[in-house]
Amino acid sequence: MKVVFFGSSDFVIQVLESLNETQTVLAVITTPDAPVGRKKTLTETPVAEAAKKLKLPVLKFESLKTVETLTELSELQADIFVVASYGKIIPQTILNLPQFGVINIHPSLLPIYRGPTPIQTALRNGDTTTGVSIIKMDAEVDHGPLLGQTSTNIEPNETFRGLSLRLFGLSIPLLNQALSECEAGTSKPTEQDHVNATFTKSLAKEDGQIDWSEPADKIFNQFRAYDPWPGLWTKWDGQFLKILDCKPSDMASKSSPGTVIEPNSVVCGNGTTLTLISVQIEGKQPTDIQSFIRGHKSFVGSQLL
RNA sequence: CGCGGGGUAGAGCAAUUGGCAGCUCGCAAGGCUCAUAACCUUGAGGUUCCCGGUUCGAAUCCGGGCCCCGCAA
């Protein structure tokens with residue numbers, strides 16, 4: 001089939017690569033270059049780079065609602081659009097374009113966790129199971145009928161990045177099946193159980209701040225969920241301190257939450273403790289916790305906010 | 001010119017008013033020990049990012065440059 005792929009995040013590149021082998025990919029749609037870093041250098045999305053390597057045409061639309069965009073997409077004459085972690089809401093006029101419609105890969109067991117952060121939310125909540133769903137898109141966000149779904153266990157130490165890669169990997173066979181069923185006309189979309197739908201919110205920087213009164217395993221879930229961004233951070237000595245790696249410890253402590261105790265742990269809620277592994281203070285390079293303590297002798301015994 | 005922190009031994013960091021460049025760890029050698037990542041002794045390792053200026057004297061003050069990072073986006 002003639003496919004147009006919509007995507008932006010690096011963990012959906014594998015989906016694009018697979019499509020390129022099994023279908024005819026006419027074009028790749030990704031979000032526009034965004035300024036990145038202190039120098040505000042315009043940077044392409046990872047998907048744009050990958051598409052170039054595959055020698056596929058790349059289109060970047062500021063808005064999907066303009067007549068020009070609609071015309072360009074229409075002229076591609078695609079049979080179907082495939083959307084995975086694209087980053088913009090797709091209006092109904094575009095959903096109407098391809099004869100087989102638009103299908104979306106959503107990394108959750110829909111109708112659970114609709115919205116922008118299903119993977120982070122599952123990890124943050126400490127879920128032990130999740131999955132990936134393929135739906136035929138309709139006007140409402142993550143609302144369309146299911147074309148396929150598979151579930152998987154979440155490993156206790158799995159982080160956002162690892163789980164993202166894994167879920168989109170699992171989606172590839174589902175996607176191939178959905179595409180061939182669409183083509184053969186044997187597709188049997190099943191309506192979602194809308195009554196039980198739940199929604200996720202987009203994240204903010206503040207979501208990464210640690211509340212030390214939470215138990216250590218909850219904070220560890222927060223770490224796993226928000227791994228690259230917004231990350232896990234706290235305040236020490238008036239400065240931001242990023243927690244780059246940590247793990248719950250089986251030590252108990254009666255000190256107040258946020259206290260740094262020997263040799264390298266922090267007291268959390270209910271007397272639980274979290275062992276720090278590597279950190280980064282504002283303005284400095286990432287360092288392992290032993291080095292950090294060597295250089296900041298007042299760290300142990302101090303209070304994190 | 002968006003805001004801000006920083007560059008000192010292999011690593012992480014100190015150095016008061018401008019006055020012998022230090023601490024913890026690591027490394028090397030030796031010792032102690034049944035033994036050890038423990039302990040004791042000794043040692044090596046520096047163009048204090050680069051260039052220029054002020055000064056009797058600069059890691060420190062001034063000017064210029066390069067590089068790293070946090071925020072923001």
# chains A, B, ... in the order shown; residues from 1 in each chain; ligands from 1
$ interface_residues --of "chain A" --to "chain B" --cutoff "6 Å" --atoms "only C-alpha atoms (C1' of nucleotides)" --output "list in words"
Glu282, Gly283, Lys284, Ser291, Phe292, Arg294 and Gly295 of chain A
$ residues_around --residues "A:Ala51" --least-positions-apart "6" --cutoff "9 Å" --atoms "only C-alpha atoms (C1' of nucleotides)" --output "NGL selection string"
:A and (13 or 16-17 or 27-28 or 57-58)
$ write_last_selection --atoms "N, CA and C atoms" --output "JSON list (two decimals), in the first residue's frame"
[["chain", "number", "residue", "atom", "x", "y", "z"],
["A", 13, "ILE", "N", 11.14, 5.54, 14.99],
["A", 13, "ILE", "CA", 11.93, 5.33, 13.77],
["A", 13, "ILE", "C", 11.85, 3.89, 13.32],
["A", 16, "LEU", "N", 8.90, 3.35, 11.20],
["A", 16, "LEU", "CA", 9.12, 3.89, 9.86],
["A", 16, "LEU", "C", 9.98, 2.93, 9.03],
["A", 17, "GLU", "N", 11.04, 2.44, 9.64],
["A", 17, "GLU", "CA", 11.93, 1.53, 8.91],
["A", 17, "GLU", "C", 11.20, 0.27, 8.46],
["A", 27, "ALA", "N", 5.85, 9.59, 1.72],
["A", 27, "ALA", "CA", 6.42, 10.77, 2.36],
["A", 27, "ALA", "C", 6.38, 10.58, 3.87],
["A", 28, "VAL", "N", 7.21, 11.35, 4.55],
["A", 28, "VAL", "CA", 7.24, 11.34, 6.02],
["A", 28, "VAL", "C", 6.90, 12.75, 6.49],
["A", 57, "PRO", "N", 11.02, 11.42, 1.07],
["A", 57, "PRO", "CA", 10.69, 12.85, 1.14],
["A", 57, "PRO", "C", 10.17, 13.22, 2.53],
["A", 58, "VAL", "N", 10.61, 14.37, 3.05],
["A", 58, "VAL", "CA", 10.19, 14.82, 4.38],
["A", 58, "VAL", "C", 9.39, 16.11, 4.24]]
$ select_by_dssp --residues "stretch 57-304 of chain A" --states "strand (DSSP E or B)" --output "number ranges by chain"
A: 58-60, 80-84, 102-106, 114, 129-136, 146-153, 190, 199, 209, 232-236, 239-252, 259-261, 265-267, 272-281, 287-288, 303
$ residues_around --residues "A:Gly101" --least-positions-apart "6" --cutoff "10 Å" --atoms "only C-alpha atoms (C1' of nucleotides)" --output "list in words"
Ala78, Asp79, Ile80, Phe81, Val82, Ile94, Leu95, Lys136, Met137, Asp138 and Cys182 of chain A
$ residues_around --residues "B:G19" --least-positions-apart "3" --cutoff "12 Å" --atoms "only C-alpha atoms (C1' of nucleotides)" --output "PyMOL selection string"
chain B and resi 16+56-58+60
$ residues_around --residues "A:Ile172" --least-positions-apart "4" --cutoff "7 Å" --atoms "only C-alpha atoms (C1' of nucleotides)" --output "list of chain:residue names"
A:Val15, A:Phe168, A:Asn176
$ atom_distance --atom1 "atom CA of A:Gln177" --atom2 "atom CA of A:Gln149"
11.0 Å
$ residues_around --residues "B:G63" --least-positions-apart "4" --cutoff "12 Å" --atoms "only C-alpha atoms (C1' of nucleotides)" --output "list of chain:residue names"
B:C51, B:G52, B:G53, B:U54
$ select_by_dssp --residues "stretch 117-305 of chain A" --states "alpha helix (DSSP H)" --output "JSON, numbers by chain"
{"A": [118, 119, 120, 121, 122, 123, 124, 160, 161, 162, 163, 164, 165, 166, 167, 168, 169, 170, 171, 172, 173, 174, 175, 176, 177, 178, 179, 180, 181, 182, 183, 184, 216, 217, 218, 219, 220, 221, 222, 223, 224, 225, 289, 290, 291, 292, 293, 294, 295]}
$ write_last_selection --atoms "N, CA and C atoms" --output "short mmCIF file (atom, residue, chain, number, x, y, z; two decimals), in the first residue's frame"
data_model
loop_
_atom_site.label_atom_id
_atom_site.label_comp_id
_atom_site.auth_asym_id
_atom_site.auth_seq_id
_atom_site.Cartn_x
_atom_site.Cartn_y
_atom_site.Cartn_z
N PRO A 118 0.94 8.48 27.82
CA PRO A 118 0.50 7.18 28.36
C PRO A 118 1.62 6.38 29.00
N ILE A 119 2.80 6.42 28.41
CA ILE A 119 3.90 5.60 28.92
C ILE A 119 4.38 6.14 30.26
N GLN A 120 4.58 7.45 30.31
CA GLN A 120 5.01 8.07 31.57
C GLN A 120 3.99 7.81 32.67
N THR A 121 2.71 7.92 32.32
CA THR A 121 1.68 7.74 33.34
C THR A 121 1.66 6.32 33.88
N ALA A 122 1.83 5.34 33.00
CA ALA A 122 1.85 3.94 33.45
C ALA A 122 3.02 3.71 34.40
N LEU A 123 4.18 4.24 34.06
CA LEU A 123 5.36 4.06 34.91
C LEU A 123 5.20 4.81 36.23
N ARG A 124 4.70 6.02 36.15
CA ARG A 124 4.53 6.85 37.34
C ARG A 124 3.58 6.18 38.32
N PHE A 160 11.31 5.06 30.90
CA PHE A 160 10.51 5.60 29.81
C PHE A 160 11.09 5.23 28.45
N ARG A 161 12.38 5.46 28.32
CA ARG A 161 12.99 5.23 27.01
C ARG A 161 12.92 3.76 26.60
N GLY A 162 13.30 2.88 27.54
CA GLY A 162 13.30 1.46 27.24
C GLY A 162 11.90 0.96 26.90
N LEU A 163 10.93 1.38 27.70
CA LEU A 163 9.56 0.91 27.49
C LEU A 163 9.00 1.47 26.18
N SER A 164 9.32 2.72 25.86
CA SER A 164 8.86 3.31 24.61
C SER A 164 9.34 2.50 23.42
N LEU A 165 10.65 2.23 23.42
CA LEU A 165 11.22 1.46 22.32
C LEU A 165 10.54 0.10 22.21
N ARG A 166 10.33 -0.51 23.36
CA ARG A 166 9.77 -1.86 23.36
C ARG A 166 8.32 -1.85 22.85
N LEU A 167 7.52 -0.90 23.32
CA LEU A 167 6.11 -0.87 22.93
C LEU A 167 5.95 -0.61 21.43
N PHE A 168 6.74 0.33 20.90
CA PHE A 168 6.62 0.59 19.47
C PHE A 168 7.18 -0.58 18.66
N GLY A 169 8.14 -1.30 19.23
CA GLY A 169 8.61 -2.53 18.59
C GLY A 169 7.49 -3.55 18.51
N LEU A 170 6.76 -3.68 19.62
CA LEU A 170 5.65 -4.64 19.66
C LEU A 170 4.54 -4.24 18.70
N SER A 171 4.48 -2.96 18.38
CA SER A 171 3.39 -2.48 17.52
C SER A 171 3.59 -2.88 16.06
N ILE A 172 4.83 -3.20 15.68
CA ILE A 172 5.12 -3.43 14.26
C ILE A 172 4.33 -4.61 13.67
N PRO A 173 4.35 -5.80 14.32
CA PRO A 173 3.54 -6.88 13.77
C PRO A 173 2.05 -6.55 13.75
N LEU A 174 1.58 -5.86 14.78
CA LEU A 174 0.17 -5.46 14.83
C LEU A 174 -0.16 -4.54 13.65
N LEU A 175 0.76 -3.63 13.40
CA LEU A 175 0.54 -2.66 12.32
C LEU A 175 0.50 -3.37 10.97
N ASN A 176 1.44 -4.28 10.77
CA ASN A 176 1.47 -5.01 9.51
C ASN A 176 0.17 -5.76 9.30
N GLN A 177 -0.32 -6.38 10.37
CA GLN A 177 -1.57 -7.12 10.26
C GLN A 177 -2.73 -6.17 9.94
N ALA A 178 -2.77 -5.05 10.65
CA ALA A 178 -3.85 -4.09 10.44
C ALA A 178 -3.83 -3.57 9.00
N LEU A 179 -2.65 -3.33 8.48
CA LEU A 179 -2.54 -2.82 7.11
C LEU A 179 -3.03 -3.86 6.10
N SER A 180 -2.62 -5.11 6.29
CA SER A 180 -3.06 -6.10 5.31
C SER A 180 -4.56 -6.35 5.42
N GLU A 181 -5.11 -6.26 6.63
CA GLU A 181 -6.56 -6.42 6.77
C GLU A 181 -7.31 -5.28 6.11
N CYS A 182 -6.78 -4.07 6.23
CA CYS A 182 -7.41 -2.92 5.57
C CYS A 182 -7.41 -3.13 4.06
N GLU A 183 -6.27 -3.55 3.56
CA GLU A 183 -6.13 -3.74 2.13
C GLU A 183 -7.07 -4.83 1.61
N ALA A 184 -7.18 -5.91 2.41
CA ALA A 184 -8.02 -7.04 1.98
C ALA A 184 -9.49 -6.79 2.29
N ALA A 216 9.90 5.81 48.94
CA ALA A 216 10.99 5.67 47.96
C ALA A 216 10.54 4.99 46.68
N ASP A 217 9.66 3.98 46.78
CA ASP A 217 9.29 3.29 45.54
C ASP A 217 8.47 4.21 44.64
N LYS A 218 7.70 5.11 45.22
CA LYS A 218 6.93 6.06 44.42
C LYS A 218 7.88 7.02 43.70
N ILE A 219 8.89 7.48 44.43
CA ILE A 219 9.85 8.40 43.82
C ILE A 219 10.63 7.69 42.72
N PHE A 220 10.90 6.42 42.95
CA PHE A 220 11.61 5.65 41.92
C PHE A 220 10.73 5.50 40.67
N ASN A 221 9.44 5.32 40.87
CA ASN A 221 8.52 5.29 39.72
C ASN A 221 8.55 6.60 38.96
N GLN A 222 8.60 7.68 39.71
CA GLN A 222 8.68 9.01 39.10
C GLN A 222 9.96 9.11 38.27
N PHE A 223 11.05 8.59 38.80
CA PHE A 223 12.32 8.60 38.09
C PHE A 223 12.21 7.81 36.79
N ARG A 224 11.64 6.62 36.86
CA ARG A 224 11.53 5.77 35.67
C ARG A 224 10.66 6.44 34.61
N ALA A 225 9.60 7.11 35.07
CA ALA A 225 8.63 7.68 34.14
C ALA A 225 9.19 8.92 33.44
N ILE A 289 27.84 9.63 42.56
CA ILE A 289 27.54 10.19 43.87
C ILE A 289 28.77 10.20 44.79
N GLN A 290 29.66 9.21 44.66
CA GLN A 290 30.86 9.18 45.50
C GLN A 290 31.71 10.42 45.23
N SER A 291 31.92 10.73 43.96
CA SER A 291 32.71 11.91 43.61
C SER A 291 32.03 13.18 44.11
N PHE A 292 30.72 13.22 43.94
CA PHE A 292 29.99 14.41 44.35
C PHE A 292 30.17 14.67 45.84
N ILE A 293 30.07 13.60 46.63
CA ILE A 293 30.20 13.75 48.08
C ILE A 293 31.62 14.14 48.45
N ARG A 294 32.62 13.60 47.74
CA ARG A 294 34.01 13.96 47.99
C ARG A 294 34.21 15.48 47.86
N GLY A 295 33.58 16.02 46.83
CA GLY A 295 33.76 17.45 46.58
C GLY A 295 32.84 18.35 47.39
#
$ atom_distance --atom1 "atom CA of A:Met251" --atom2 "atom CA of A:Thr272"
6.8 Å
$ residues_around --residues "A:His106" --least-positions-apart "2" --cutoff "6 Å" --atoms "only C-alpha atoms (C1' of nucleotides)" --output "list in words"
Ser108, Val132 and Ser133 of chain A
$ atom_distance --atom1 "atom CA of A:Asp10" --atom2 "atom CA of A:Gly231"
17.8 Å
$ closest_residue --among "A:Glu191, A:Glu206, A:Asp250, A:Glu72" --to "A:Ile134" --atoms "only C-alpha atoms"
A:Glu191
$ closest_residue --among "B:A9, B:A15, B:A44, B:C66" --to "B:A28" --atoms "only C-alpha atoms (C1' of nucleotides)"
B:A44
$ decode --residues "stretch 110-145 of chain A" --atoms "N, CA and C atoms" --output "PDB file, in the first residue's frame"
ATOM      1  N   LEU A 110      -5.663   1.055  25.302  1.00  0.00           N
ATOM      2  CA  LEU A 110      -6.864   1.882  25.187  1.00  0.00           C
ATOM      3  C   LEU A 110      -8.090   1.038  25.517  1.00  0.00           C
ATOM      4  N   PRO A 111      -9.085   1.649  26.185  1.00  0.00           N
ATOM      5  CA  PRO A 111      -9.297   3.085  26.402  1.00  0.00           C
ATOM      6  C   PRO A 111      -8.536   3.667  27.600  1.00  0.00           C
ATOM      7  N   ILE A 112      -7.651   2.907  28.211  1.00  0.00           N
ATOM      8  CA  ILE A 112      -6.872   3.439  29.328  1.00  0.00           C
ATOM      9  C   ILE A 112      -5.773   4.357  28.784  1.00  0.00           C
ATOM     10  N   TYR A 113      -5.535   5.445  29.489  1.00  0.00           N
ATOM     11  CA  TYR A 113      -4.432   6.361  29.186  1.00  0.00           C
ATOM     12  C   TYR A 113      -4.500   6.951  27.781  1.00  0.00           C
ATOM     13  N   ARG A 114      -5.585   7.536  27.455  1.00  0.00           N
ATOM     14  CA  ARG A 114      -5.624   8.368  26.256  1.00  0.00           C
ATOM     15  C   ARG A 114      -4.787   9.622  26.510  1.00  0.00           C
ATOM     16  N   GLY A 115      -4.402  10.299  25.447  1.00  0.00           N
ATOM     17  CA  GLY A 115      -3.697  11.568  25.632  1.00  0.00           C
ATOM     18  C   GLY A 115      -2.200  11.440  25.424  1.00  0.00           C
ATOM     19  N   PRO A 116      -1.482  12.522  25.769  1.00  0.00           N
ATOM     20  CA  PRO A 116      -0.091  12.663  25.325  1.00  0.00           C
ATOM     21  C   PRO A 116       0.966  11.862  26.088  1.00  0.00           C
ATOM     22  N   THR A 117       0.689  11.377  27.312  1.00  0.00           N
ATOM     23  CA  THR A 117       1.770  10.763  28.089  1.00  0.00           C
ATOM     24  C   THR A 117       1.399   9.397  28.669  1.00  0.00           C
ATOM     25  N   PRO A 118       0.935   8.480  27.825  1.00  0.00           N
ATOM     26  CA  PRO A 118       0.496   7.183  28.355  1.00  0.00           C
ATOM     27  C   PRO A 118       1.623   6.380  28.995  1.00  0.00           C
ATOM     28  N   ILE A 119       2.799   6.420  28.411  1.00  0.00           N
ATOM     29  CA  ILE A 119       3.903   5.599  28.918  1.00  0.00           C
ATOM     30  C   ILE A 119       4.376   6.144  30.258  1.00  0.00           C
ATOM     31  N   GLN A 120       4.579   7.448  30.312  1.00  0.00           N
ATOM     32  CA  GLN A 120       5.011   8.066  31.566  1.00  0.00           C
ATOM     33  C   GLN A 120       3.991   7.807  32.672  1.00  0.00           C
ATOM     34  N   THR A 121       2.705   7.919  32.322  1.00  0.00           N
ATOM     35  CA  THR A 121       1.675   7.745  33.343  1.00  0.00           C
ATOM     36  C   THR A 121       1.664   6.321  33.878  1.00  0.00           C
ATOM     37  N   ALA A 122       1.826   5.337  32.997  1.00  0.00           N
ATOM     38  CA  ALA A 122       1.851   3.942  33.445  1.00  0.00           C
ATOM     39  C   ALA A 122       3.019   3.709  34.397  1.00  0.00           C
ATOM     40  N   LEU A 123       4.179   4.245  34.062  1.00  0.00           N
ATOM     41  CA  LEU A 123       5.360   4.060  34.906  1.00  0.00           C
ATOM     42  C   LEU A 123       5.205   4.811  36.226  1.00  0.00           C
ATOM     43  N   ARG A 124       4.705   6.020  36.150  1.00  0.00           N
ATOM     44  CA  ARG A 124       4.528   6.849  37.343  1.00  0.00           C
ATOM     45  C   ARG A 124       3.576   6.175  38.320  1.00  0.00           C
ATOM     46  N   ASN A 125       2.542   5.516  37.768  1.00  0.00           N
ATOM     47  CA  ASN A 125       1.561   4.863  38.626  1.00  0.00           C
ATOM     48  C   ASN A 125       2.054   3.516  39.137  1.00  0.00           C
ATOM     49  N   GLY A 126       3.225   3.088  38.680  1.00  0.00           N
ATOM     50  CA  GLY A 126       3.750   1.807  39.134  1.00  0.00           C
ATOM     51  C   GLY A 126       3.012   0.623  38.542  1.00  0.00           C
ATOM     52  N   ASP A 127       2.362   0.802  37.390  1.00  0.00           N
ATOM     53  CA  ASP A 127       1.649  -0.298  36.732  1.00  0.00           C
ATOM     54  C   ASP A 127       2.625  -1.427  36.411  1.00  0.00           C
ATOM     55  N   THR A 128       2.095  -2.659  36.423  1.00  0.00           N
ATOM     56  CA  THR A 128       2.945  -3.797  36.070  1.00  0.00           C
ATOM     57  C   THR A 128       2.614  -4.325  34.678  1.00  0.00           C
ATOM     58  N   THR A 129       1.517  -3.841  34.109  1.00  0.00           N
ATOM     59  CA  THR A 129       1.165  -4.231  32.753  1.00  0.00           C
ATOM     60  C   THR A 129       0.818  -2.999  31.946  1.00  0.00           C
ATOM     61  N   THR A 130       1.144  -3.058  30.671  1.00  0.00           N
ATOM     62  CA  THR A 130       0.675  -2.024  29.759  1.00  0.00           C
ATOM     63  C   THR A 130       0.587  -2.672  28.383  1.00  0.00           C
ATOM     64  N   GLY A 131       0.570  -1.873  27.337  1.00  0.00           N
ATOM     65  CA  GLY A 131       0.462  -2.466  26.020  1.00  0.00           C
ATOM     66  C   GLY A 131       0.456  -1.399  24.964  1.00  0.00           C
ATOM     67  N   VAL A 132       0.147  -1.832  23.746  1.00  0.00           N
ATOM     68  CA  VAL A 132       0.106  -0.894  22.649  1.00  0.00           C
ATOM     69  C   VAL A 132      -1.144  -1.195  21.830  1.00  0.00           C
ATOM     70  N   SER A 133      -1.760  -0.128  21.316  1.00  0.00           N
ATOM     71  CA  SER A 133      -3.010  -0.276  20.585  1.00  0.00           C
ATOM     72  C   SER A 133      -2.884   0.359  19.215  1.00  0.00           C
ATOM     73  N   ILE A 134      -3.579  -0.227  18.249  1.00  0.00           N
ATOM     74  CA  ILE A 134      -3.681   0.388  16.930  1.00  0.00           C
ATOM     75  C   ILE A 134      -5.134   0.761  16.725  1.00  0.00           C
ATOM     76  N   ILE A 135      -5.379   2.022  16.413  1.00  0.00           N
ATOM     77  CA  ILE A 135      -6.765   2.448  16.225  1.00  0.00           C
ATOM     78  C   ILE A 135      -6.919   3.156  14.887  1.00  0.00           C
ATOM     79  N   LYS A 136      -8.148   3.150  14.413  1.00  0.00           N
ATOM     80  CA  LYS A 136      -8.500   3.974  13.264  1.00  0.00           C
ATOM     81  C   LYS A 136      -8.899   5.314  13.846  1.00  0.00           C
ATOM     82  N   MET A 137      -8.226   6.373  13.416  1.00  0.00           N
ATOM     83  CA  MET A 137      -8.439   7.662  14.071  1.00  0.00           C
ATOM     84  C   MET A 137      -9.782   8.275  13.715  1.00  0.00           C
ATOM     85  N   ASP A 138     -10.398   8.922  14.709  1.00  0.00           N
ATOM     86  CA  ASP A 138     -11.559   9.763  14.445  1.00  0.00           C
ATOM     87  C   ASP A 138     -11.304  11.130  15.060  1.00  0.00           C
ATOM     88  N   ALA A 139     -12.306  11.962  15.072  1.00  0.00           N
ATOM     89  CA  ALA A 139     -12.083  13.359  15.427  1.00  0.00           C
ATOM     90  C   ALA A 139     -11.642  13.548  16.874  1.00  0.00           C
ATOM     91  N   GLU A 140     -12.038  12.629  17.744  1.00  0.00           N
ATOM     92  CA  GLU A 140     -11.663  12.790  19.154  1.00  0.00           C
ATOM     93  C   GLU A 140     -10.326  12.106  19.419  1.00  0.00           C
ATOM     94  N   VAL A 141      -9.573  12.669  20.360  1.00  0.00           N
ATOM     95  CA  VAL A 141      -8.225  12.182  20.634  1.00  0.00           C
ATOM     96  C   VAL A 141      -8.240  10.747  21.169  1.00  0.00           C
ATOM     97  N   ASP A 142      -7.538   9.861  20.480  1.00  0.00           N
ATOM     98  CA  ASP A 142      -7.355   8.465  20.903  1.00  0.00           C
ATOM     99  C   ASP A 142      -8.688   7.765  21.175  1.00  0.00           C
ATOM    100  N   HIS A 143      -9.656   8.060  20.353  1.00  0.00           N
ATOM    101  CA  HIS A 143     -11.025   7.647  20.614  1.00  0.00           C
ATOM    102  C   HIS A 143     -11.510   6.600  19.611  1.00  0.00           C
ATOM    103  N   GLY A 144     -10.843   6.474  18.471  1.00  0.00           N
ATOM    104  CA  GLY A 144     -11.354   5.630  17.381  1.00  0.00           C
ATOM    105  C   GLY A 144     -11.363   4.144  17.697  1.00  0.00           C
ATOM    106  N   PRO A 145     -12.002   3.366  16.848  1.00  0.00           N
ATOM    107  CA  PRO A 145     -12.128   1.919  17.069  1.00  0.00           C
ATOM    108  C   PRO A 145     -10.789   1.190  16.958  1.00  0.00           C
TER     109      PRO A 145
END
